[in-house]
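> Contents of final-v4.tsv (TSV, C-alpha atoms and all ligand atoms) are below:
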chain	number	residue	atom	x	y	z
A	319	MET	CA	-16.26	-0.98	-13.13
A	320	VAL	CA	-13.90	-1.68	-10.28
A	321	THR	CA	-16.58	-0.98	-7.67
A	322	GLY	CA	-19.00	-3.56	-9.14
A	323	GLN	CA	-16.32	-6.24	-8.73
A	324	LEU	CA	-15.56	-5.05	-5.22
A	325	VAL	CA	-19.17	-5.04	-4.03
A	326	ASN	CA	-19.57	-8.56	-5.47
A	327	ARG	CA	-16.53	-9.65	-3.48
A	328	GLY	CA	-17.88	-8.29	-0.19
A	329	ILE	CA	-16.29	-4.82	0.14
A	330	ARG	CA	-18.78	-2.67	2.09
A	331	ASP	CA	-16.80	0.41	3.13
A	332	ARG	CA	-18.48	3.22	1.17
A	333	ARG	CA	-15.58	5.64	1.42
A	334	VAL	CA	-13.18	3.04	0.06
A	335	LEU	CA	-15.58	2.20	-2.78
A	336	ALA	CA	-16.00	5.90	-3.63
A	337	ALA	CA	-12.23	6.48	-3.65
A	338	MET	CA	-11.70	3.50	-5.96
A	339	ALA	CA	-14.47	4.64	-8.29
A	340	TRP	CA	-12.85	8.09	-8.47
A	341	LEU	CA	-9.24	7.07	-9.16
A	342	PRO	CA	-8.36	6.16	-12.79
A	343	ARG	CA	-6.28	2.97	-12.41
A	344	GLU	CA	-5.08	3.29	-16.02
A	345	TRP	CA	-3.00	6.34	-15.02
A	346	PHE	CA	-0.87	4.02	-12.89
A	347	LEU	CA	0.00	1.51	-15.61
A	348	PRO	CA	2.48	1.42	-18.50
A	349	PRO	CA	0.60	2.57	-21.68
A	350	ARG	CA	0.57	-0.93	-23.24
A	351	LEU	CA	-1.43	-2.27	-20.27
A	352	GLU	CA	-4.01	0.52	-20.02
A	353	ARG	CA	-6.72	-1.65	-21.56
A	354	GLN	CA	-6.33	-4.16	-18.72
A	355	ALA	CA	-6.64	-1.47	-16.05
A	356	TYR	CA	-9.98	-2.78	-14.76
A	357	ASP	CA	-9.05	-6.46	-14.75
A	358	ASP	CA	-9.42	-8.11	-11.38
A	359	ALA	CA	-5.67	-8.86	-11.22
A	360	PRO	CA	-2.26	-7.49	-10.24
A	361	LEU	CA	-0.31	-6.09	-13.24
A	362	PRO	CA	3.39	-5.40	-13.94
A	363	ILE	CA	4.54	-1.77	-13.49
A	364	GLY	CA	8.22	-2.20	-14.49
A	365	ASN	CA	11.36	-2.94	-12.49
A	366	GLY	CA	9.95	-6.41	-11.69
A	367	GLN	CA	7.21	-4.88	-9.49
A	368	THR	CA	3.41	-5.06	-9.63
A	369	ILE	CA	0.36	-2.88	-8.94
A	370	SER	CA	-1.92	-4.78	-6.54
A	371	GLN	CA	-5.24	-6.35	-7.49
A	372	PRO	CA	-8.04	-3.80	-6.78
A	373	LEU	CA	-9.72	-6.19	-4.32
A	374	ILE	CA	-6.55	-6.37	-2.22
A	375	VAL	CA	-6.18	-2.56	-2.24
A	376	ALA	CA	-9.79	-2.26	-1.04
A	377	LEU	CA	-9.39	-4.95	1.65
A	378	MET	CA	-6.17	-3.49	3.03
A	379	THR	CA	-7.51	0.08	3.01
A	380	ALA	CA	-10.71	-0.94	4.79
A	381	ALA	CA	-8.71	-3.02	7.32
A	382	LEU	CA	-6.77	0.10	8.37
A	383	SER	CA	-10.06	1.63	9.54
A	384	LEU	CA	-8.79	5.22	9.48
A	385	ARG	CA	-10.50	8.61	9.71
A	386	ARG	CA	-9.86	11.87	7.83
A	387	GLY	CA	-6.73	13.59	9.12
A	388	ASP	CA	-5.15	10.39	10.49
A	389	ARG	CA	-1.50	9.76	9.72
A	390	VAL	CA	-0.69	6.69	7.66
A	391	LEU	CA	2.67	5.23	6.68
A	392	GLU	CA	2.87	3.18	3.48
A	393	ILE	CA	5.88	1.00	2.64
A	394	GLY	CA	6.25	0.19	-1.07
A	395	THR	CA	4.86	3.15	-3.06
A	396	GLY	CA	5.20	1.27	-6.37
A	397	SER	CA	2.88	2.87	-8.93
A	398	GLY	CA	1.36	5.10	-6.24
A	399	TYR	CA	-2.16	3.69	-6.72
A	400	GLN	CA	-2.64	2.59	-3.10
A	401	THR	CA	-1.03	5.86	-1.96
A	402	ALA	CA	-3.50	7.92	-4.01
A	403	ILE	CA	-6.47	6.02	-2.55
A	404	LEU	CA	-5.24	6.79	0.98
A	405	ALA	CA	-4.69	10.44	0.08
A	406	HIS	CA	-8.16	10.75	-1.44
A	407	LEU	CA	-9.60	9.52	1.87
A	408	GLY	CA	-8.19	12.69	3.47
A	409	LEU	CA	-5.39	10.95	5.36
A	410	ARG	CA	-1.94	12.42	5.86
A	411	VAL	CA	0.12	9.96	3.86
A	412	TYR	CA	3.82	9.17	4.28
A	413	THR	CA	5.10	6.72	1.68
A	414	VAL	CA	8.50	5.05	1.24
A	415	GLU	CA	9.85	3.37	-1.93
A	416	ARG	CA	13.30	1.91	-2.58
A	417	LEU	CA	13.38	2.19	-6.40
A	418	PRO	CA	13.98	5.77	-7.62
A	419	ASP	CA	12.40	5.28	-11.08
A	420	LEU	CA	9.10	4.12	-9.61
A	421	LEU	CA	9.05	6.89	-7.01
A	422	VAL	CA	9.63	9.64	-9.61
A	423	GLU	CA	6.75	8.33	-11.73
A	424	ALA	CA	4.44	8.02	-8.71
A	425	GLU	CA	5.24	11.59	-7.62
A	426	GLU	CA	4.33	12.84	-11.10
A	427	ARG	CA	0.94	11.08	-10.82
A	428	PHE	CA	0.26	12.66	-7.40
A	429	ARG	CA	0.95	16.11	-8.89
A	430	ARG	CA	-1.33	15.42	-11.84
A	431	LEU	CA	-4.11	14.35	-9.47
A	432	GLY	CA	-3.60	17.43	-7.28
A	433	LEU	CA	-2.92	15.28	-4.20
A	434	ASP	CA	-0.88	17.48	-1.85
A	435	ASN	CA	-1.27	15.44	1.35
A	436	ILE	CA	1.44	12.91	0.43
A	437	GLU	CA	5.04	13.03	1.61
A	438	THR	CA	7.44	10.65	-0.14
A	439	ARG	CA	10.82	9.21	0.81
A	440	LEU	CA	13.32	7.13	-1.15
A	441	GLY	CA	14.91	4.30	0.84
A	442	ASP	CA	14.33	1.13	2.82
A	443	GLY	CA	10.96	1.39	4.52
A	444	ALA	CA	11.38	-1.61	6.84
A	445	GLY	CA	12.64	0.75	9.53
A	446	GLY	CA	9.48	2.87	9.18
A	447	TRP	CA	9.83	6.65	9.27
A	448	PRO	CA	10.69	7.51	12.89
A	449	GLU	CA	10.79	11.29	12.28
A	450	ARG	CA	7.11	11.22	11.22
A	451	ALA	CA	5.85	8.64	13.78
A	452	PRO	CA	3.53	7.80	15.42
A	453	PHE	CA	1.03	6.63	12.80
A	454	GLN	CA	-2.61	5.61	13.22
A	455	GLY	CA	-2.07	3.23	10.31
A	456	VAL	CA	0.86	1.44	8.68
A	457	ILE	CA	0.35	-0.46	5.41
A	458	VAL	CA	3.04	-2.59	3.81
A	459	THR	CA	2.48	-3.56	0.17
A	460	ALA	CA	5.41	-5.99	-0.12
A	461	ALA	CA	5.88	-9.37	1.59
A	462	VAL	CA	7.89	-9.94	4.75
A	463	PRO	CA	8.96	-13.24	6.43
A	464	CYS	CA	8.05	-11.71	9.81
A	465	VAL	CA	6.85	-8.31	11.04
A	466	PRO	CA	9.72	-5.78	11.25
A	467	PRO	CA	9.65	-4.45	14.87
A	468	PRO	CA	10.12	-0.75	13.93
A	469	LEU	CA	6.72	-0.82	12.19
A	470	THR	CA	4.79	-1.86	15.30
A	471	ASP	CA	6.96	0.46	17.45
A	472	GLN	CA	5.76	3.40	15.34
A	473	LEU	CA	2.03	2.60	15.75
A	474	ALA	CA	-0.01	5.09	17.79
A	475	PRO	CA	-2.36	3.72	20.51
A	476	GLY	CA	-5.32	2.13	18.72
A	477	GLY	CA	-3.32	2.12	15.47
A	478	ARG	CA	-3.22	-0.76	13.00
A	479	LEU	CA	-0.53	-2.33	10.85
A	480	VAL	CA	-1.64	-4.28	7.76
A	481	ILE	CA	1.11	-6.45	6.30
A	482	PRO	CA	1.52	-9.62	4.15
A	483	VAL	CA	3.58	-12.16	6.13
A	484	GLY	CA	4.90	-15.43	4.68
A	485	ASP	CA	7.42	-16.78	2.19
A	486	LEU	CA	8.22	-15.69	-1.37
A	487	ALA	CA	5.46	-17.84	-2.89
A	488	SER	CA	2.49	-16.79	-0.75
A	489	GLN	CA	1.61	-14.87	2.38
A	490	GLU	CA	-1.18	-14.21	4.79
A	491	LEU	CA	-2.49	-10.72	5.43
A	492	VAL	CA	-1.77	-9.94	9.08
A	493	ILE	CA	-3.44	-7.09	10.98
A	494	VAL	CA	-1.65	-5.97	14.14
A	495	GLU	CA	-3.47	-3.54	16.44
A	496	ARG	CA	-1.95	-1.60	19.33
A	497	GLY	CA	-4.66	-2.10	21.95
A	498	PRO	CA	-4.74	-0.93	25.59
A	499	THR	CA	-3.06	-4.13	26.75
A	500	GLY	CA	-0.49	-4.39	23.97
A	501	LEU	CA	-0.30	-5.73	20.44
A	502	ARG	CA	-3.08	-8.00	19.12
A	503	GLU	CA	-2.76	-9.89	15.87
A	504	ARG	CA	-5.30	-11.39	13.53
A	505	ARG	CA	-5.15	-12.99	10.10
A	506	ALA	CA	-7.22	-11.90	7.13
A	507	GLY	CA	-6.63	-14.40	4.34
A	508	GLY	CA	-4.10	-15.44	1.73
A	509	VAL	CA	-2.34	-12.94	-0.58
A	510	ARG	CA	0.62	-12.80	-2.93
A	511	PHE	CA	2.98	-9.82	-2.97
A	512	VAL	CA	6.47	-9.13	-4.31
A	513	PRO	CA	9.09	-9.24	-1.51
A	514	LEU	CA	10.15	-6.37	0.70
A	515	ILE	CA	13.89	-6.12	0.06
A	516	SER	CA	15.64	-5.26	3.28
A	517	ARG	CA	18.03	-6.58	5.88
A	518	LEU	CA	14.85	-6.80	8.03
A	519	ALA	CA	12.89	-8.81	5.42
A	520	PHE	CA	14.06	-10.65	2.26
A	521	THR	CA	17.66	-9.80	1.51
A	522	GLU	CA	17.79	-10.64	-2.20
A	523	GLU	CA	15.59	-10.17	-5.21
A	524	PRO	CA	14.66	-13.76	-6.17
A	525	TRP	CA	14.57	-12.97	-9.90
A	526	THR	CA	18.19	-11.66	-10.11
B	601	LIG	N1	1.25	-0.43	-3.54
B	601	LIG	C1	1.88	-0.57	-4.83
B	601	LIG	C2	2.38	-1.97	-5.05
B	601	LIG	C3	3.83	-1.98	-4.89
B	601	LIG	S1	4.69	-3.47	-5.23
B	601	LIG	C4	0.95	-0.15	-5.92
B	601	LIG	O1	-0.24	0.12	-5.64
B	601	LIG	O2	1.39	-0.02	-7.07
B	601	LIG	C5	5.85	-3.36	-3.88
B	601	LIG	C6	6.77	-2.17	-3.89
B	601	LIG	O3	7.59	-2.25	-2.73
B	601	LIG	C7	7.72	-2.12	-5.07
B	601	LIG	O4	7.60	-0.89	-5.73
B	601	LIG	C8	9.10	-2.29	-4.45
B	601	LIG	O5	10.13	-1.59	-5.13
B	601	LIG	C9	8.88	-1.74	-3.06
B	601	LIG	N2	9.84	-2.17	-2.05
B	601	LIG	C10	10.45	-3.38	-1.92
B	601	LIG	N3	11.25	-3.38	-0.85
B	601	LIG	C11	11.16	-2.16	-0.27
B	601	LIG	C12	11.73	-1.55	0.89
B	601	LIG	N4	12.59	-2.21	1.66
B	601	LIG	N5	11.39	-0.29	1.20
B	601	LIG	C13	10.52	0.41	0.41
B	601	LIG	N6	9.94	-0.11	-0.70
B	601	LIG	C14	10.24	-1.37	-1.02
What does this structure look like when you write it as structure tokens?

Amino acid sequence: MVTGQLVNRGIRDRRVLAAMAWLPREWFLPPRLERQAYDDAPLPIGNGQTISQPLIVALMTAALSLRRGDRVLEIGTGSGYQTAILAHLGLRVYTVERLPDLLVEAEERFRRLGLDNIETRLGDGAGGWPERAPFQGVIVTAAVPCVPPPLTDQLAPGGRLVIPVGDLASQELVIVERGPTGLRERRAGGVRFVPLISRLAFTEEPWT
């Protein structure tokens, strides 16, 4: 179901399509929303947070352009859906979430799916995860007003950071690549994410 929508919207990466066809999105939603699991939309997952729209998960995953065995850092585990897609692609996944309730539920889903290539951490991910750096890919699934420097610092040569940059209302997906002559940046379209809450990003939850 999901893959039909994705192919129609221009997603070509076969590995990403196969991973999204494999992963049951309903396992990542509160029971009352299971019937909407294959809607082309973000959905609430509790604690004021959302699971991303499948198209955005596919776009961001493909933009990372990673190979089996690469190390990837994810900031904003949330439901764990994006994390599980990365893990299914055979990447070594390091994921950071600031809300304990969401992280506990995501970890339970990883166990149930038999995904053992995911390491989790509770805390502010804006500083990256220096003990596990460098990473071939860094993916941030919450919005920032500007790119937190630790995240580009922790990119391996040739590595890519995919991150929504903008204000609370809307952002642009930014892809930063560590090339031979330094960091190169390009923009990949408009998106809308919940904010990254950090002294290095948005300092307050707008809904409180
Ligand atoms: N990728 C997720 C979507 C997560 S929504 C999914 O597929 O479900 C964004 C997540 O970022 C939320 O769970 C939120 O709690 C988390 N978050 C916000 N600020 C954070 C920070 N500073 N460090 C780590 N996680 C953060």
> Excluding Cys464 (chain A) and any residue of its chain fewer than 3 positions from it, enumerate the residues within 8 Å of it, using all atoms listed in the file, and give them as a PyMOL selection string.
chain A and resi 483-484+519
> Counting all atoms listed in the file, which protein, DNA or RNA residues come within 6 Å of ligand LIG 601 (chain B), given as a ChimeraX atom specification?
/A:367-370,393-400,414-417,441-444,459-460,512,514-516
> Mind pulling up the distance from CA of Arg386 (chain A) to CA of Leu479 (chain A)?
17.3 Å
> Report, in Å to a single decimal, how far apart CA of Ile363 (chain A) and CA of Leu421 (chain A) are.
11.7 Å
> Name the closest residue to Ile436 (chain A) among the candidates A:Val465, A:Leu473, A:Pro448, A:Val390; distances are taken between atoms, counting all atoms listed in the file.
A:Val390
> Could you tell me which of A:Arg327, A:Arg504, A:Arg510, A:Arg343 comes closest to Ile403 (chain A) if we count all atoms listed in the file?
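With all atoms listed in the file as the atom set, the closest residue is A:Arg343.
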> If I take CA of Leu351 (chain A) and CA of Met378 (chain A), how far is one from the other in Å, to one decimal?
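CA of Met378 (chain A) lies 23.8 Å from CA of Leu351 (chain A).
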> Would you mind listing what lies within 9 Å of Pro348 (chain A) as a list in words, with all atoms listed in the file counted and same-chain residues fewer than 2 positions away left out?
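That gives Glu344, Trp345, Phe346, Arg350, Leu351, Glu352, Pro362, Ile363 and Gly364 of chain A.
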> How about saving the chosen residues, C-alpha atoms kept, as a compact mmCIF listing (two decimals), keeping the file's coordinate frame?

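What follows is the written file part31.txt:
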# COMPACT_ATOMS: atom_id res chain seq x y z
CA GLU A 344 -5.08 3.29 -16.02
CA TRP A 345 -3.00 6.34 -15.02
CA PHE A 346 -0.87 4.02 -12.89
CA ARG A 350 0.57 -0.93 -23.24
CA LEU A 351 -1.43 -2.27 -20.27
CA GLU A 352 -4.01 0.52 -20.02
CA PRO A 362 3.39 -5.40 -13.94
CA ILE A 363 4.54 -1.77 -13.49
CA GLY A 364 8.22 -2.20 -14.49
> Quick one: residues within 9 Å of Pro463 (chain A), all atoms listed in the file, excluding same-chain residues fewer than 6 positions away - as a ChimeraX atom specification?
/A:482-486,489,513,518-520
> Next, the residues of the selection above should be written as a PDB file, in the frame of the given file with C-alpha atoms.

ATOM      1  CA  PRO A 482       1.520  -9.620   4.150  1.00  0.00           C
ATOM      2  CA  VAL A 483       3.580 -12.160   6.130  1.00  0.00           C
ATOM      3  CA  GLY A 484       4.900 -15.430   4.680  1.00  0.00           C
ATOM      4  CA  ASP A 485       7.420 -16.780   2.190  1.00  0.00           C
ATOM      5  CA  LEU A 486       8.220 -15.690  -1.370  1.00  0.00           C
ATOM      6  CA  GLN A 489       1.610 -14.870   2.380  1.00  0.00           C
ATOM      7  CA  PRO A 513       9.090  -9.240  -1.510  1.00  0.00           C
ATOM      8  CA  LEU A 518      14.850  -6.800   8.030  1.00  0.00           C
ATOM      9  CA  ALA A 519      12.890  -8.810   5.420  1.00  0.00           C
ATOM     10  CA  PHE A 520      14.060 -10.650   2.260  1.00  0.00           C
TER      11      PHE A 520
END
> Considering only C-alpha atoms, can you say which of A:Pro452, A:Leu341, A:Arg389, A:Gly446 comes closest to Pro466 (chain A)?
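Once distances to Pro466 (chain A) are computed over only C-alpha atoms, the minimum belongs to A:Gly446.
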> Quick one: 5 Å padding each side, axis-aligned, all listed atoms of region 485-495 of chain A - centre and edge lengths in Å to one decimal, as AutoDock Vina command-line options?

--center_x 2.4 --center_y -10.7 --center_z 6.8 --size_x 21.7 --size_y 24.3 --size_z 29.3
> Which one of A:Arg385, A:Arg333, A:Arg427, A:Arg517 sits closest to Gln454 (chain A) if you count all atoms listed in the file?
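Of the candidates, the smallest distance to Gln454 (chain A) is held by A:Arg385.
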> Return the single residue from A:Leu420, A:Val375, A:Ala474, A:Leu361 that is closest to Leu440 (chain A), with distances computed using only C-alpha atoms.
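That would be A:Leu420, the residue with the smallest distance to Leu440 (chain A).
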> Go ahead and find all residues with at least one atom no further than 9 Å from (-3.4, 12.7, -3.4) in the file's coordinates, using only C-alpha atoms; report them as a list in words.
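Output: Thr401, Ala402, Ile403, Leu404, Ala405, His406, Leu407, Gly408, Val411, Arg427, Phe428, Arg429, Leu431, Gly432, Leu433, Asp434, Asn435 and Ile436 of chain A.
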> Counting all atoms listed in the file, which of A:Gly387, A:Gly497, A:Gly508, A:Gly477 gets nearest to Gly455 (chain A)?
A:Gly477
> Pull the neighbourhood of (7.0, 9.0, 4.4) for me: all residues within 6 Å in file coordinates, counting all atoms listed in the file, as JSON, numbers by chain.
{"A": [412, 413, 414, 437, 438, 439]}
> Hey, what's within 8 Å of region 353-359 of chain A if we count all atoms listed in the file and toss same-chain stuff fewer than 6 positions away? As a list in words, please?
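Neighbouring residues, sequence-local ones excluded: Met319, Val320, Gln323, Arg343, Glu344, Leu347, Ser370, Gln371, Pro372 and Leu373 of chain A.
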> Save N, CA and C atoms of region 413-450 of chain A from the block above as a PDB file, in the first residue's frame.

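selection16.pdb, freshly written:
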ATOM      1  N   THR A 413      20.425   5.934  17.789  1.00  0.00           N
ATOM      2  CA  THR A 413      19.272   6.835  17.797  1.00  0.00           C
ATOM      3  C   THR A 413      19.097   7.469  19.167  1.00  0.00           C
ATOM      4  N   VAL A 414      18.773   8.769  19.177  1.00  0.00           N
ATOM      5  CA  VAL A 414      18.656   9.532  20.424  1.00  0.00           C
ATOM      6  C   VAL A 414      17.258  10.136  20.525  1.00  0.00           C
ATOM      7  N   GLU A 415      16.625   9.982  21.693  1.00  0.00           N
ATOM      8  CA  GLU A 415      15.282  10.538  21.935  1.00  0.00           C
ATOM      9  C   GLU A 415      15.277  11.192  23.314  1.00  0.00           C
ATOM     10  N   ARG A 416      14.564  12.338  23.444  1.00  0.00           N
ATOM     11  CA  ARG A 416      14.564  13.010  24.739  1.00  0.00           C
ATOM     12  C   ARG A 416      13.405  12.596  25.651  1.00  0.00           C
ATOM     13  N   LEU A 417      12.360  11.983  25.113  1.00  0.00           N
ATOM     14  CA  LEU A 417      11.213  11.615  25.948  1.00  0.00           C
ATOM     15  C   LEU A 417      11.250  10.121  26.301  1.00  0.00           C
ATOM     16  N   PRO A 418      11.412   9.819  27.608  1.00  0.00           N
ATOM     17  CA  PRO A 418      11.586   8.424  28.019  1.00  0.00           C
ATOM     18  C   PRO A 418      10.437   7.509  27.605  1.00  0.00           C
ATOM     19  N   ASP A 419       9.180   7.994  27.709  1.00  0.00           N
ATOM     20  CA  ASP A 419       8.038   7.113  27.381  1.00  0.00           C
ATOM     21  C   ASP A 419       8.102   6.643  25.936  1.00  0.00           C
ATOM     22  N   LEU A 420       8.428   7.566  25.032  1.00  0.00           N
ATOM     23  CA  LEU A 420       8.492   7.201  23.609  1.00  0.00           C
ATOM     24  C   LEU A 420       9.648   6.234  23.366  1.00  0.00           C
ATOM     25  N   LEU A 421      10.781   6.479  24.029  1.00  0.00           N
ATOM     26  CA  LEU A 421      11.938   5.615  23.785  1.00  0.00           C
ATOM     27  C   LEU A 421      11.675   4.187  24.250  1.00  0.00           C
ATOM     28  N   VAL A 422      11.038   4.038  25.420  1.00  0.00           N
ATOM     29  CA  VAL A 422      10.733   2.694  25.937  1.00  0.00           C
ATOM     30  C   VAL A 422       9.836   1.936  24.956  1.00  0.00           C
ATOM     31  N   GLU A 423       8.823   2.632  24.428  1.00  0.00           N
ATOM     32  CA  GLU A 423       7.914   1.966  23.480  1.00  0.00           C
ATOM     33  C   GLU A 423       8.641   1.597  22.184  1.00  0.00           C
ATOM     34  N   ALA A 424       9.503   2.494  21.717  1.00  0.00           N
ATOM     35  CA  ALA A 424      10.243   2.215  20.474  1.00  0.00           C
ATOM     36  C   ALA A 424      11.161   1.003  20.675  1.00  0.00           C
ATOM     37  N   GLU A 425      11.827   0.952  21.829  1.00  0.00           N
ATOM     38  CA  GLU A 425      12.741  -0.174  22.094  1.00  0.00           C
ATOM     39  C   GLU A 425      11.992  -1.503  22.096  1.00  0.00           C
ATOM     40  N   GLU A 426      10.771  -1.485  22.618  1.00  0.00           N
ATOM     41  CA  GLU A 426       9.949  -2.695  22.640  1.00  0.00           C
ATOM     42  C   GLU A 426       9.626  -3.143  21.191  1.00  0.00           C
ATOM     43  N   ARG A 427       9.360  -2.177  20.338  1.00  0.00           N
ATOM     44  CA  ARG A 427       9.076  -2.503  18.924  1.00  0.00           C
ATOM     45  C   ARG A 427      10.310  -3.089  18.243  1.00  0.00           C
ATOM     46  N   PHE A 428      11.490  -2.544  18.537  1.00  0.00           N
ATOM     47  CA  PHE A 428      12.715  -3.071  17.906  1.00  0.00           C
ATOM     48  C   PHE A 428      12.917  -4.534  18.316  1.00  0.00           C
ATOM     49  N   ARG A 429      12.655  -4.821  19.607  1.00  0.00           N
ATOM     50  CA  ARG A 429      12.805  -6.210  20.092  1.00  0.00           C
ATOM     51  C   ARG A 429      11.840  -7.128  19.353  1.00  0.00           C
ATOM     52  N   ARG A 430      10.605  -6.672  19.251  1.00  0.00           N
ATOM     53  CA  ARG A 430       9.556  -7.478  18.613  1.00  0.00           C
ATOM     54  C   ARG A 430       9.900  -7.759  17.146  1.00  0.00           C
ATOM     55  N   LEU A 431      10.562  -6.809  16.508  1.00  0.00           N
ATOM     56  CA  LEU A 431      10.931  -6.966  15.095  1.00  0.00           C
ATOM     57  C   LEU A 431      12.262  -7.708  14.937  1.00  0.00           C
ATOM     58  N   GLY A 432      12.922  -8.011  16.046  1.00  0.00           N
ATOM     59  CA  GLY A 432      14.206  -8.713  15.986  1.00  0.00           C
ATOM     60  C   GLY A 432      15.326  -7.858  15.418  1.00  0.00           C
ATOM     61  N   LEU A 433      15.221  -6.535  15.566  1.00  0.00           N
ATOM     62  CA  LEU A 433      16.257  -5.635  15.046  1.00  0.00           C
ATOM     63  C   LEU A 433      17.318  -5.443  16.142  1.00  0.00           C
ATOM     64  N   ASP A 434      18.501  -6.017  15.922  1.00  0.00           N
ATOM     65  CA  ASP A 434      19.520  -5.948  16.976  1.00  0.00           C
ATOM     66  C   ASP A 434      20.689  -5.044  16.575  1.00  0.00           C
ATOM     67  N   ASN A 435      20.517  -4.275  15.513  1.00  0.00           N
ATOM     68  CA  ASN A 435      21.578  -3.361  15.068  1.00  0.00           C
ATOM     69  C   ASN A 435      21.233  -1.903  15.380  1.00  0.00           C
ATOM     70  N   ILE A 436      20.511  -1.710  16.494  1.00  0.00           N
ATOM     71  CA  ILE A 436      20.102  -0.366  16.912  1.00  0.00           C
ATOM     72  C   ILE A 436      20.598  -0.124  18.333  1.00  0.00           C
ATOM     73  N   GLU A 437      21.320   0.983  18.526  1.00  0.00           N
ATOM     74  CA  GLU A 437      21.686   1.386  19.876  1.00  0.00           C
ATOM     75  C   GLU A 437      20.928   2.665  20.195  1.00  0.00           C
ATOM     76  N   THR A 438      20.302   2.721  21.379  1.00  0.00           N
ATOM     77  CA  THR A 438      19.468   3.873  21.721  1.00  0.00           C
ATOM     78  C   THR A 438      20.100   4.681  22.855  1.00  0.00           C
ATOM     79  N   ARG A 439      19.741   5.949  22.920  1.00  0.00           N
ATOM     80  CA  ARG A 439      20.198   6.796  24.025  1.00  0.00           C
ATOM     81  C   ARG A 439      19.106   7.803  24.359  1.00  0.00           C
ATOM     82  N   LEU A 440      18.881   8.005  25.658  1.00  0.00           N
ATOM     83  CA  LEU A 440      17.920   8.998  26.121  1.00  0.00           C
ATOM     84  C   LEU A 440      18.659  10.306  26.365  1.00  0.00           C
ATOM     85  N   GLY A 441      18.171  11.403  25.789  1.00  0.00           N
ATOM     86  CA  GLY A 441      18.821  12.692  26.053  1.00  0.00           C
ATOM     87  C   GLY A 441      18.620  13.655  24.900  1.00  0.00           C
ATOM     88  N   ASP A 442      19.353  14.765  24.976  1.00  0.00           N
ATOM     89  CA  ASP A 442      19.307  15.787  23.928  1.00  0.00           C
ATOM     90  C   ASP A 442      20.257  15.370  22.807  1.00  0.00           C
ATOM     91  N   GLY A 443      19.707  15.163  21.628  1.00  0.00           N
ATOM     92  CA  GLY A 443      20.524  14.700  20.508  1.00  0.00           C
ATOM     93  C   GLY A 443      21.194  15.810  19.713  1.00  0.00           C
ATOM     94  N   ALA A 444      20.943  17.075  20.061  1.00  0.00           N
ATOM     95  CA  ALA A 444      21.510  18.168  19.255  1.00  0.00           C
ATOM     96  C   ALA A 444      23.033  18.172  19.288  1.00  0.00           C
ATOM     97  N   GLY A 445      23.589  17.578  20.347  1.00  0.00           N
ATOM     98  CA  GLY A 445      25.053  17.494  20.443  1.00  0.00           C
ATOM     99  C   GLY A 445      25.603  16.259  19.746  1.00  0.00           C
ATOM    100  N   GLY A 446      24.730  15.506  19.070  1.00  0.00           N
ATOM    101  CA  GLY A 446      25.157  14.273  18.399  1.00  0.00           C
ATOM    102  C   GLY A 446      25.461  13.189  19.427  1.00  0.00           C
ATOM    103  N   TRP A 447      26.378  12.311  19.062  1.00  0.00           N
ATOM    104  CA  TRP A 447      26.765  11.208  19.961  1.00  0.00           C
ATOM    105  C   TRP A 447      28.269  11.013  19.754  1.00  0.00           C
ATOM    106  N   PRO A 448      29.083  11.911  20.359  1.00  0.00           N
ATOM    107  CA  PRO A 448      30.516  11.952  20.041  1.00  0.00           C
ATOM    108  C   PRO A 448      31.230  10.612  20.261  1.00  0.00           C
ATOM    109  N   GLU A 449      30.780   9.852  21.273  1.00  0.00           N
ATOM    110  CA  GLU A 449      31.455   8.566  21.565  1.00  0.00           C
ATOM    111  C   GLU A 449      31.272   7.556  20.439  1.00  0.00           C
ATOM    112  N   ARG A 450      30.261   7.737  19.602  1.00  0.00           N
ATOM    113  CA  ARG A 450      29.988   6.779  18.516  1.00  0.00           C
ATOM    114  C   ARG A 450      30.357   7.349  17.144  1.00  0.00           C
TER     115      ARG A 450
END
